[in-house]
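Peer 1: If it helps, the file is called run-v7.csv and holds CSV, C-alpha atoms:
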```csv
chain,number,residue,atom,x,y,z
A,199,MET,CA,197.3,-148.8,4.7
A,200,GLU,CA,200.3,-148.4,2.5
A,201,VAL,CA,202.7,-148.6,5.5
A,202,ALA,CA,201.0,-151.8,6.7
A,203,GLU,CA,201.1,-153.4,3.3
A,204,LYS,CA,204.8,-152.5,3.0
A,205,ILE,CA,205.6,-154.1,6.3
A,206,GLN,CA,203.7,-157.3,5.5
A,207,LYS,CA,205.5,-157.6,2.1
A,208,GLU,CA,209.0,-156.9,3.4
A,209,LYS,CA,210.9,-158.8,6.1
A,210,ILE,CA,210.0,-157.4,9.5
A,211,GLU,CA,212.9,-156.0,11.4
A,212,LYS,CA,213.4,-156.6,15.1
A,213,PRO,CA,211.9,-153.8,17.1
A,214,GLU,CA,214.0,-152.0,19.6
A,215,ASP,CA,211.4,-150.7,22.0
A,216,ILE,CA,208.8,-153.4,22.2
A,217,ASN,CA,208.4,-155.9,25.0
A,218,LYS,CA,211.8,-155.6,26.5
A,219,LYS,CA,210.5,-157.0,29.8
A,220,CYS,CA,208.9,-160.1,28.2
A,221,TRP,CA,211.0,-163.1,29.4
A,222,LEU,CA,209.9,-165.2,26.3
A,223,ALA,CA,211.3,-162.6,23.9
A,224,LYS,CA,214.3,-161.9,26.1
A,225,SER,CA,215.3,-165.6,26.9
A,226,LEU,CA,214.1,-167.7,24.0
A,227,ASN,CA,215.3,-167.4,20.4
A,228,TYR,CA,213.9,-170.5,18.8
A,229,SER,CA,210.5,-171.3,17.2
A,230,PRO,CA,207.8,-170.6,18.1
A,231,TYR,CA,209.0,-168.0,20.6
A,232,LYS,CA,211.3,-166.2,18.1
A,233,ARG,CA,208.4,-164.1,16.9
A,234,CYS,CA,207.5,-163.0,20.4
A,235,GLN,CA,209.8,-160.1,19.7
A,236,PHE,CA,207.1,-158.7,17.4
A,237,CYS,CA,204.2,-159.1,19.9
A,238,GLU,CA,202.8,-156.0,21.6
A,239,LEU,CA,200.5,-157.8,23.9
A,240,LYS,CA,200.9,-157.6,27.7
A,241,PHE,CA,202.2,-160.8,29.4
A,242,GLN,CA,198.8,-161.7,30.8
A,243,HIS,CA,197.5,-161.6,27.2
A,244,CYS,CA,200.4,-163.6,25.7
A,245,LEU,CA,199.2,-166.1,23.1
A,246,PHE,CA,201.9,-168.5,23.9
A,247,LEU,CA,201.3,-168.4,27.6
A,248,HIS,CA,197.7,-169.3,26.8
A,249,TYR,CA,199.0,-172.1,24.6
A,250,GLN,CA,201.2,-173.4,27.5
A,251,ILE,CA,198.3,-173.3,29.9
A,252,ILE,CA,195.9,-175.0,27.5
A,253,SER,CA,198.6,-177.7,26.7
A,254,LEU,CA,199.1,-178.4,30.4
A,255,ILE,CA,195.4,-178.7,31.1
A,256,LEU,CA,195.0,-180.9,28.0
A,257,VAL,CA,197.9,-183.2,29.0
A,258,THR,CA,196.7,-183.5,32.6
A,259,PHE,CA,193.1,-184.2,31.4
A,260,LEU,CA,194.2,-186.9,28.9
A,261,LEU,CA,196.6,-188.6,31.4
A,262,ALA,CA,193.9,-188.6,34.1
A,263,LEU,CA,191.4,-190.0,31.6
A,264,SER,CA,193.8,-192.8,30.5
A,265,PHE,CA,194.5,-193.7,34.1
A,266,PHE,CA,190.8,-193.8,34.9
A,267,LEU,CA,189.9,-196.0,32.0
A,268,GLU,CA,192.9,-198.4,32.1
A,269,GLY,CA,194.0,-198.2,35.7
A,270,ASN,CA,197.5,-197.1,34.6
A,271,ILE,CA,199.3,-194.9,32.1
A,272,SER,CA,200.8,-196.8,29.3
A,273,LYS,CA,203.8,-195.6,27.2
A,274,LEU,CA,201.5,-195.6,24.1
A,275,ALA,CA,199.1,-193.3,25.8
A,276,ILE,CA,201.9,-190.9,26.8
A,277,ILE,CA,203.3,-190.9,23.3
A,278,SER,CA,199.9,-190.4,21.8
A,279,ILE,CA,199.1,-187.5,24.2
A,280,PHE,CA,202.4,-185.7,23.6
A,281,THR,CA,202.0,-186.3,19.8
A,282,LEU,CA,198.6,-184.7,20.0
A,283,VAL,CA,199.9,-181.7,22.0
A,284,VAL,CA,202.8,-181.2,19.6
A,285,ALA,CA,200.4,-181.3,16.6
A,286,TYR,CA,198.1,-178.9,18.4
A,287,GLY,CA,201.1,-176.6,19.1
A,288,TYR,CA,202.2,-176.8,15.4
A,289,PHE,CA,198.8,-175.7,14.1
A,290,PHE,CA,198.4,-173.1,16.9
A,291,ASN,CA,201.8,-171.7,15.9
A,292,LYS,CA,200.8,-171.5,12.2
A,293,SER,CA,197.5,-169.9,13.0
A,294,THR,CA,199.0,-167.2,15.2
A,295,ASP,CA,201.9,-166.2,13.0
A,296,ARG,CA,199.8,-163.7,11.0
A,297,LEU,CA,198.1,-162.4,14.0
A,298,VAL,CA,201.4,-161.5,15.8
A,299,GLN,CA,202.9,-159.9,12.7
A,300,ALA,CA,199.6,-158.0,12.2
A,301,TYR,CA,200.0,-156.5,15.7
A,302,PHE,CA,203.5,-155.4,14.8
A,303,ALA,CA,202.5,-154.0,11.4
A,304,GLN,CA,199.7,-152.1,13.1
A,305,ARG,CA,202.1,-150.6,15.5
A,306,LYS,CA,204.5,-149.6,12.8
A,307,ALA,CA,201.6,-148.1,10.7
A,308,LYS,CA,200.4,-146.2,13.8
A,309,ASP,CA,203.9,-144.8,14.4
A,310,ALA,CA,204.2,-143.8,10.7
A,311,LEU,CA,200.9,-142.1,10.8
A,312,GLU,CA,201.7,-140.2,14.0
A,313,LYS,CA,205.0,-139.1,12.5
A,314,LEU,CA,203.2,-138.0,9.3
A,315,ALA,CA,200.6,-136.2,11.4
A,316,GLU,CA,203.4,-134.3,13.2
A,317,GLU,CA,205.0,-133.4,9.9
A,318,LEU,CA,201.7,-132.2,8.4
A,319,GLU,CA,201.0,-130.2,11.5
A,320,ASP,CA,204.4,-128.5,11.3
A,321,LYS,CA,203.8,-127.8,7.5
A,322,VAL,CA,200.3,-126.5,8.2
A,323,GLU,CA,201.6,-124.2,10.9
A,324,GLU,CA,204.4,-123.0,8.6
A,325,ARG,CA,202.0,-122.3,5.7
A,326,THR,CA,199.5,-120.6,8.1
A,327,ASN,CA,202.2,-118.3,9.3
A,328,GLU,CA,203.2,-117.6,5.7
A,329,LEU,CA,199.5,-116.8,4.8
A,330,LYS,CA,199.2,-114.5,7.9
A,331,LYS,CA,202.3,-112.6,6.8
A,332,ALA,CA,201.0,-112.4,3.2
A,333,ASN,CA,197.6,-111.3,4.5
A,334,GLU,CA,199.2,-108.5,6.6
A,335,GLU,CA,201.2,-107.4,3.6
A,336,LEU,CA,198.1,-107.3,1.4
A,337,LYS,CA,196.3,-105.3,4.1
A,338,GLU,CA,199.1,-102.8,4.1
A,339,LEU,CA,199.0,-102.6,0.3
A,340,ASP,CA,195.3,-102.2,0.3
A,341,VAL,CA,195.6,-99.3,2.8
A,342,ALA,CA,198.3,-97.8,0.6
A,343,LYS,CA,196.1,-98.2,-2.4
A,344,SER,CA,193.1,-96.6,-0.7
A,345,ASP,CA,195.2,-93.7,0.5
A,346,PHE,CA,196.6,-93.2,-3.0
A,347,ILE,CA,193.2,-93.2,-4.6
A,348,SER,CA,191.9,-90.8,-2.0
A,349,ILE,CA,194.8,-88.4,-2.4
A,350,ALA,CA,194.7,-88.6,-6.2
A,351,SER,CA,191.0,-88.1,-6.3
A,352,HIS,CA,191.1,-85.1,-4.0
A,353,GLN,CA,193.8,-83.6,-6.2
A,354,LEU,CA,191.8,-84.2,-9.3
A,355,ARG,CA,188.5,-83.0,-8.1
A,356,THR,CA,189.5,-79.3,-7.5
A,357,PRO,CA,190.9,-78.6,-11.1
A,358,LEU,CA,188.0,-80.5,-12.6
A,359,THR,CA,185.5,-78.4,-10.7
A,360,VAL,CA,187.3,-75.2,-11.9
A,361,ILE,CA,187.2,-76.5,-15.5
A,362,LYS,CA,183.5,-77.2,-15.1
A,363,GLY,CA,182.9,-73.6,-13.8
A,364,TYR,CA,184.8,-71.9,-16.7
A,365,ILE,CA,183.1,-74.1,-19.4
A,366,SER,CA,179.7,-73.3,-17.9
A,367,MET,CA,180.5,-69.5,-18.1
A,368,MET,CA,181.7,-69.9,-21.7
A,369,LEU,CA,178.5,-71.8,-22.6
A,370,GLU,CA,176.5,-69.0,-21.0
A,371,GLU,CA,178.5,-66.6,-23.3
A,372,ASN,CA,179.9,-64.6,-20.3
A,373,PHE,CA,183.1,-64.1,-22.3
A,374,GLY,CA,181.4,-63.3,-25.6
A,375,GLU,CA,179.2,-64.9,-28.2
A,376,LEU,CA,180.0,-68.4,-29.5
A,377,THR,CA,179.4,-70.0,-32.9
A,378,ASP,CA,177.3,-73.2,-33.1
A,379,LEU,CA,180.5,-75.2,-33.7
A,380,GLU,CA,182.2,-73.7,-30.6
A,381,LYS,CA,179.1,-74.4,-28.5
A,382,GLU,CA,179.0,-78.0,-29.7
A,383,SER,CA,182.7,-78.5,-28.9
A,384,LEU,CA,182.4,-76.9,-25.5
A,385,GLU,CA,179.3,-79.1,-24.7
A,386,LYS,CA,181.4,-82.2,-25.5
A,387,VAL,CA,184.2,-81.0,-23.2
A,388,PHE,CA,181.6,-80.2,-20.5
A,389,GLN,CA,180.1,-83.8,-20.7
A,390,SER,CA,183.5,-85.4,-20.6
A,391,ASN,CA,184.5,-83.3,-17.6
A,392,GLU,CA,181.2,-84.3,-15.9
A,393,ARG,CA,182.0,-88.0,-16.4
A,394,LEU,CA,185.5,-87.4,-14.9
A,395,ILE,CA,184.0,-85.6,-11.9
A,396,ARG,CA,181.6,-88.5,-11.3
A,397,LEU,CA,184.4,-91.1,-11.7
A,398,VAL,CA,186.5,-89.2,-9.2
A,399,GLU,CA,183.6,-89.0,-6.8
A,400,ASN,CA,183.0,-92.7,-7.1
A,401,LEU,CA,186.7,-93.5,-6.5
A,402,LEU,CA,186.7,-91.2,-3.5
A,403,ASN,CA,183.6,-92.9,-2.0
A,404,ILE,CA,185.1,-96.4,-2.6
A,405,SER,CA,188.3,-95.4,-0.8
A,406,ARG,CA,186.2,-94.0,2.1
A,407,ILE,CA,184.0,-97.1,2.2
A,408,GLU,CA,186.9,-99.6,2.2
A,409,SER,CA,188.8,-97.6,4.9
A,410,GLY,CA,185.7,-97.0,7.0
A,411,ARG,CA,185.9,-93.2,6.6
A,412,LEU,CA,182.6,-92.7,4.8
A,413,GLN,CA,180.6,-90.1,6.8
A,414,PHE,CA,176.9,-89.3,6.6
A,415,ASN,CA,175.1,-86.1,7.4
A,416,PHE,CA,171.4,-86.8,7.8
A,417,ALA,CA,168.8,-84.1,7.3
A,418,GLU,CA,165.2,-83.9,6.2
A,419,VAL,CA,165.0,-83.3,2.4
A,420,ASP,CA,162.5,-83.3,-0.5
A,421,LEU,CA,163.5,-86.2,-2.7
A,422,LYS,CA,161.5,-84.7,-5.6
A,423,LYS,CA,163.7,-81.6,-5.6
A,424,ILE,CA,166.8,-83.7,-5.7
A,425,ALA,CA,165.4,-85.7,-8.7
A,426,VAL,CA,164.3,-82.6,-10.6
A,427,SER,CA,167.7,-81.0,-10.0
A,428,VAL,CA,169.5,-84.1,-11.5
A,429,ILE,CA,167.1,-84.2,-14.5
A,430,GLU,CA,167.9,-80.5,-15.2
A,431,GLU,CA,171.6,-81.1,-15.0
A,432,LEU,CA,171.5,-84.1,-17.3
A,433,SER,CA,168.9,-82.7,-19.7
A,434,SER,CA,171.5,-81.4,-22.2
A,435,TYR,CA,173.0,-84.8,-22.3
A,436,ALA,CA,169.6,-86.4,-23.1
A,437,LYS,CA,168.8,-83.7,-25.7
A,438,LYS,CA,172.0,-84.4,-27.4
A,439,LYS,CA,170.9,-88.1,-27.9
A,440,ALA,CA,167.4,-87.0,-28.8
A,441,LEU,CA,165.9,-88.7,-25.7
A,442,LEU,CA,162.9,-87.6,-23.7
A,443,LEU,CA,164.0,-87.2,-20.1
A,444,LYS,CA,161.2,-86.3,-17.8
A,445,TYR,CA,159.8,-86.5,-14.2
A,446,LYS,CA,156.5,-88.4,-13.8
A,447,GLN,CA,154.3,-86.9,-11.1
A,448,SER,CA,152.7,-89.8,-9.3
A,449,VAL,CA,152.1,-88.2,-5.9
A,450,LYS,CA,151.0,-84.6,-5.4
A,451,LYS,CA,153.1,-84.1,-2.3
A,452,LEU,CA,155.8,-86.3,-0.9
A,453,PRO,CA,156.8,-86.3,2.7
A,454,LEU,CA,160.2,-85.2,3.7
A,455,ILE,CA,162.7,-88.0,4.2
A,456,LYS,CA,165.7,-88.0,6.5
A,457,VAL,CA,168.8,-88.9,4.4
A,458,ASP,CA,172.3,-87.6,3.4
A,459,GLU,CA,171.3,-85.3,0.5
A,460,ASP,CA,174.7,-85.5,-1.3
A,461,LYS,CA,174.9,-89.3,-1.1
A,462,ILE,CA,171.3,-89.8,-2.4
A,463,ARG,CA,171.8,-87.2,-5.1
A,464,GLN,CA,174.9,-89.1,-6.3
A,465,VAL,CA,172.8,-92.4,-6.4
A,466,ILE,CA,170.1,-90.7,-8.4
A,467,MET,CA,172.7,-89.1,-10.7
A,468,ASN,CA,174.3,-92.5,-11.3
A,469,LEU,CA,171.0,-94.2,-12.1
A,470,VAL,CA,169.7,-91.5,-14.4
A,471,ASP,CA,173.1,-91.1,-16.1
A,472,ASN,CA,173.3,-94.9,-16.7
A,473,SER,CA,169.8,-95.0,-18.3
A,474,ILE,CA,170.8,-92.2,-20.7
A,475,LYS,CA,174.1,-93.9,-21.6
A,476,TYR,CA,172.5,-97.1,-22.6
A,477,THR,CA,169.4,-95.8,-24.4
A,478,LYS,CA,169.8,-95.0,-28.1
A,479,LYS,CA,166.2,-93.8,-28.7
A,480,GLY,CA,163.0,-93.3,-26.8
A,481,LYS,CA,162.7,-92.0,-23.3
A,482,VAL,CA,164.0,-92.0,-19.7
A,483,VAL,CA,161.3,-91.5,-17.0
A,484,VAL,CA,162.0,-90.8,-13.3
A,485,GLU,CA,159.2,-91.6,-10.9
A,486,ILE,CA,158.8,-91.4,-7.1
A,487,LYS,CA,156.0,-93.2,-5.3
A,488,LEU,CA,154.9,-93.5,-1.7
A,489,VAL,CA,154.3,-97.2,-0.7
A,490,LYS,CA,153.2,-97.5,2.9
A,491,LYS,CA,156.1,-96.2,4.9
A,492,GLN,CA,158.6,-96.5,2.1
A,493,ILE,CA,159.6,-94.1,-0.7
A,494,HIS,CA,160.1,-95.8,-4.0
A,495,PHE,CA,162.4,-94.2,-6.6
A,496,CYS,CA,162.5,-95.7,-10.1
A,497,VAL,CA,164.2,-94.8,-13.4
A,498,THR,CA,162.6,-96.5,-16.4
A,499,ASP,CA,164.2,-96.4,-19.9
A,500,SER,CA,163.6,-97.8,-23.4
A,501,GLY,CA,167.2,-98.8,-23.8
A,502,MET,CA,169.2,-102.0,-24.5
A,503,GLY,CA,167.7,-104.0,-21.6
A,504,ILE,CA,169.5,-106.5,-19.4
A,505,LYS,CA,169.8,-110.3,-19.6
A,506,GLN,CA,168.4,-112.1,-16.5
A,507,GLU,CA,171.7,-113.8,-15.8
A,508,ASP,CA,173.4,-110.3,-15.6
A,509,ILE,CA,171.0,-108.7,-13.2
A,510,ALA,CA,172.5,-110.5,-10.1
A,511,ASN,CA,176.0,-109.0,-10.9
A,512,LEU,CA,175.0,-105.5,-11.7
A,513,PHE,CA,175.7,-104.0,-8.3
A,514,LYS,CA,179.1,-105.6,-7.7
A,515,LYS,CA,182.3,-103.7,-8.0
A,516,PHE,CA,183.8,-103.3,-11.5
A,517,SER,CA,180.9,-105.4,-12.9
A,518,ARG,CA,179.3,-104.6,-16.3
A,519,CYS,CA,176.8,-106.4,-18.4
A,520,ASN,CA,177.9,-108.3,-21.5
A,521,GLY,CA,177.8,-106.0,-24.5
A,522,THR,CA,177.7,-102.7,-22.6
A,523,SER,CA,181.3,-101.9,-23.4
A,524,LEU,CA,180.4,-101.8,-27.1
A,525,ILE,CA,177.9,-99.1,-26.5
A,526,HIS,CA,179.6,-97.1,-23.8
A,527,THR,CA,183.3,-97.6,-23.6
A,528,GLU,CA,184.0,-95.2,-20.7
A,529,GLY,CA,182.1,-97.2,-18.1
A,530,THR,CA,184.0,-98.6,-15.0
A,531,GLY,CA,181.3,-100.6,-13.2
A,532,LEU,CA,181.6,-98.4,-10.1
A,533,GLY,CA,178.5,-96.3,-10.3
A,534,LEU,CA,175.9,-99.0,-9.4
A,535,TYR,CA,178.3,-100.5,-6.8
A,536,VAL,CA,178.6,-97.2,-5.0
A,537,ALA,CA,174.8,-96.7,-5.3
A,538,ARG,CA,174.2,-100.0,-3.6
A,539,ILE,CA,176.4,-99.2,-0.7
A,540,MET,CA,174.8,-95.7,-0.3
A,541,ILE,CA,171.3,-97.2,-0.2
A,542,GLU,CA,172.2,-100.0,2.1
A,543,GLN,CA,173.7,-97.4,4.5
A,544,HIS,CA,170.3,-95.8,4.5
A,545,HIS,CA,168.6,-99.0,5.5
A,546,GLY,CA,167.1,-99.3,2.0
A,547,LYS,CA,167.5,-101.7,-0.9
A,548,ILE,CA,168.2,-101.3,-4.6
A,549,TRP,CA,167.4,-103.5,-7.6
A,550,ALA,CA,167.1,-103.7,-11.3
A,551,GLU,CA,164.3,-105.1,-13.6
A,552,SER,CA,164.2,-105.9,-17.3
A,553,LEU,CA,162.2,-108.1,-19.7
A,554,GLY,CA,165.4,-108.9,-21.6
A,555,GLU,CA,167.7,-107.5,-24.3
A,556,GLY,CA,166.2,-104.6,-26.3
A,557,LYS,CA,163.2,-104.3,-24.0
A,558,GLY,CA,164.5,-101.5,-21.7
A,559,SER,CA,165.3,-101.6,-18.0
A,560,LYS,CA,164.1,-100.3,-14.7
A,561,PHE,CA,166.4,-99.3,-11.8
A,562,CYS,CA,164.7,-98.7,-8.4
A,563,PHE,CA,165.6,-98.1,-4.8
A,564,GLU,CA,163.4,-97.8,-1.7
A,565,LEU,CA,164.1,-95.9,1.5
A,566,PRO,CA,162.3,-95.8,4.8
A,567,LEU,CA,160.8,-92.5,5.7
A,568,ARG,CA,162.9,-92.3,8.8
A,569,VAL,CA,166.5,-93.4,9.0
A,570,CYS,CA,167.9,-93.2,12.5
A,571,ARG,CA,171.5,-94.2,11.8
A,572,ARG,CA,173.6,-95.9,9.2
A,573,ILE,CA,174.4,-99.6,9.4
A,574,PRO,CA,178.0,-100.9,9.7
A,575,TYR,CA,179.5,-101.7,6.3
A,576,SER,CA,181.6,-104.7,5.6
A,577,VAL,CA,183.4,-105.5,2.3
```
Could the structure of this file be written out as structure tokens, please?
Peer 2:
Amino acid sequence: MEVAEKIQKEKIEKPEDINKKCWLAKSLNYSPYKRCQFCELKFQHCLFLHYQIISLILVTFLLALSFFLEGNISKLAIISIFTLVVAYGYFFNKSTDRLVQAYFAQRKAKDALEKLAEELEDKVEERTNELKKANEELKELDVAKSDFISIASHQLRTPLTVIKGYISMMLEENFGELTDLEKESLEKVFQSNERLIRLVENLLNISRIESGRLQFNFAEVDLKKIAVSVIEELSSYAKKKALLLKYKQSVKKLPLIKVDEDKIRQVIMNLVDNSIKYTKKGKVVVEIKLVKKQIHFCVTDSGMGIKQEDIANLFKKFSRCNGTSLIHTEGTGLGLYVARIMIEQHHGKIWAESLGEGKGSKFCFELPLRVCRRIPYSV
């Protein structure tokens, strides 16, 4: 539209590649044929050819009519007829000026748009190639990042495990009796070491997930035994905060479930540990139920609760609820993300429930009794 308006406003230059074969544009250079140079119509559609034919028919008809009425053709009739034809030609010329120039303006606009389209296509292709190159570089950096995290985590896990073993032996007084102050200090070191071990394990799992190297070893296990084992491991942490941590017996005997024991244990560890972290007083209850052909695992606490708008983001990577950093500064937002991936790989689902801030929260996952194979994971 801008190109067309510009052409209409400015003086139209003589085209170099339009109607070179037209004898009117080629031979005549006076009005009304001068503008033929701007016309794009084929010769059979030529407006001035039509004008000539119409004028010839009109003159012939009027001369014949004059001869039929008067028996001869007077000079006055001839002058009148040709005056009429000239007048007709003048008004025809005026009425077609804009039409002819519009054709030319349309051609110029079309050429301009085609040129612009070609330029845009070249630019889009150029930018696409740049994006492809940048994407390849990002993929290489991502692989390097995952490899670094994996190597670093492996290197960290071994000394942390050794530290945990020696601290446990010291707390059990294998190297001699300890004072209450020494025990308290060692317990703090032990808990900090445990957090580091879980962080390293989460980082390792994330690097495996993102690189597609996460492996599963499925076997039939007793989910209750895993839960009780986690509760025993975290009981000292709960006692330190004066919290009641217990397992609620809902079913006398649970069927065995085919899962990767280490992965599910890590999920349970993350969920229970989270509940203890964000509960100042009260209790944390672990419960396992059998619902049809699904096993439901839930951790219910009397802690800070969750806003409804935060629940949807809980299981995303590096996501934490508003205000949690004020209560627990060491959190990374990785535990629940890893838990979600692990459960989804077992064909299960995980979710959180809460009535609001200060009203506690409930984290649950469900698993089918039989898991044949893990599903492909995509980031």
Peer 1: In Å, with one decimal, what is the gap from CA of Asp508 (chain A) to CA of Ile474 (chain A)?
Peer 2: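 Distance reported for this atom pair: 19.0 Å.
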Peer 1: Residues at most 8 Å from Glu551 (chain A), counting only C-alpha atoms, excluding those fewer than 2 positions away in the same chain, as a list in words?
Peer 2: Ile504, Ile509, Trp549, Leu553, Ser559, Lys560 and Phe561 of chain A
Peer 1: State, in Å with one decimal place, the distance from CA of Ile361 (chain A) to CA of Ser427 (chain A).
Peer 2: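 It comes out at 20.8 Å.
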Peer 1: Which residues are close to His494 (chain A), i.e. within 9 Å by only C-alpha atoms, leaving aside same-chain residues fewer than 2 positions away? Reply as a VMD selection string.
Peer 2: chain A and resid 485 to 489 492 496 562 to 565
Peer 1: CA of Ala417 (chain A) to CA of Leu452 (chain A): how many Å, to one decimal?
Peer 2: 15.5 Å
Peer 1: Mind listing as a ChimeraX atom specification all residues within 7 Å of (167.8, -87.5, 6.7), counting only C-alpha atoms?
Peer 2: /A:416-419,455-458,569
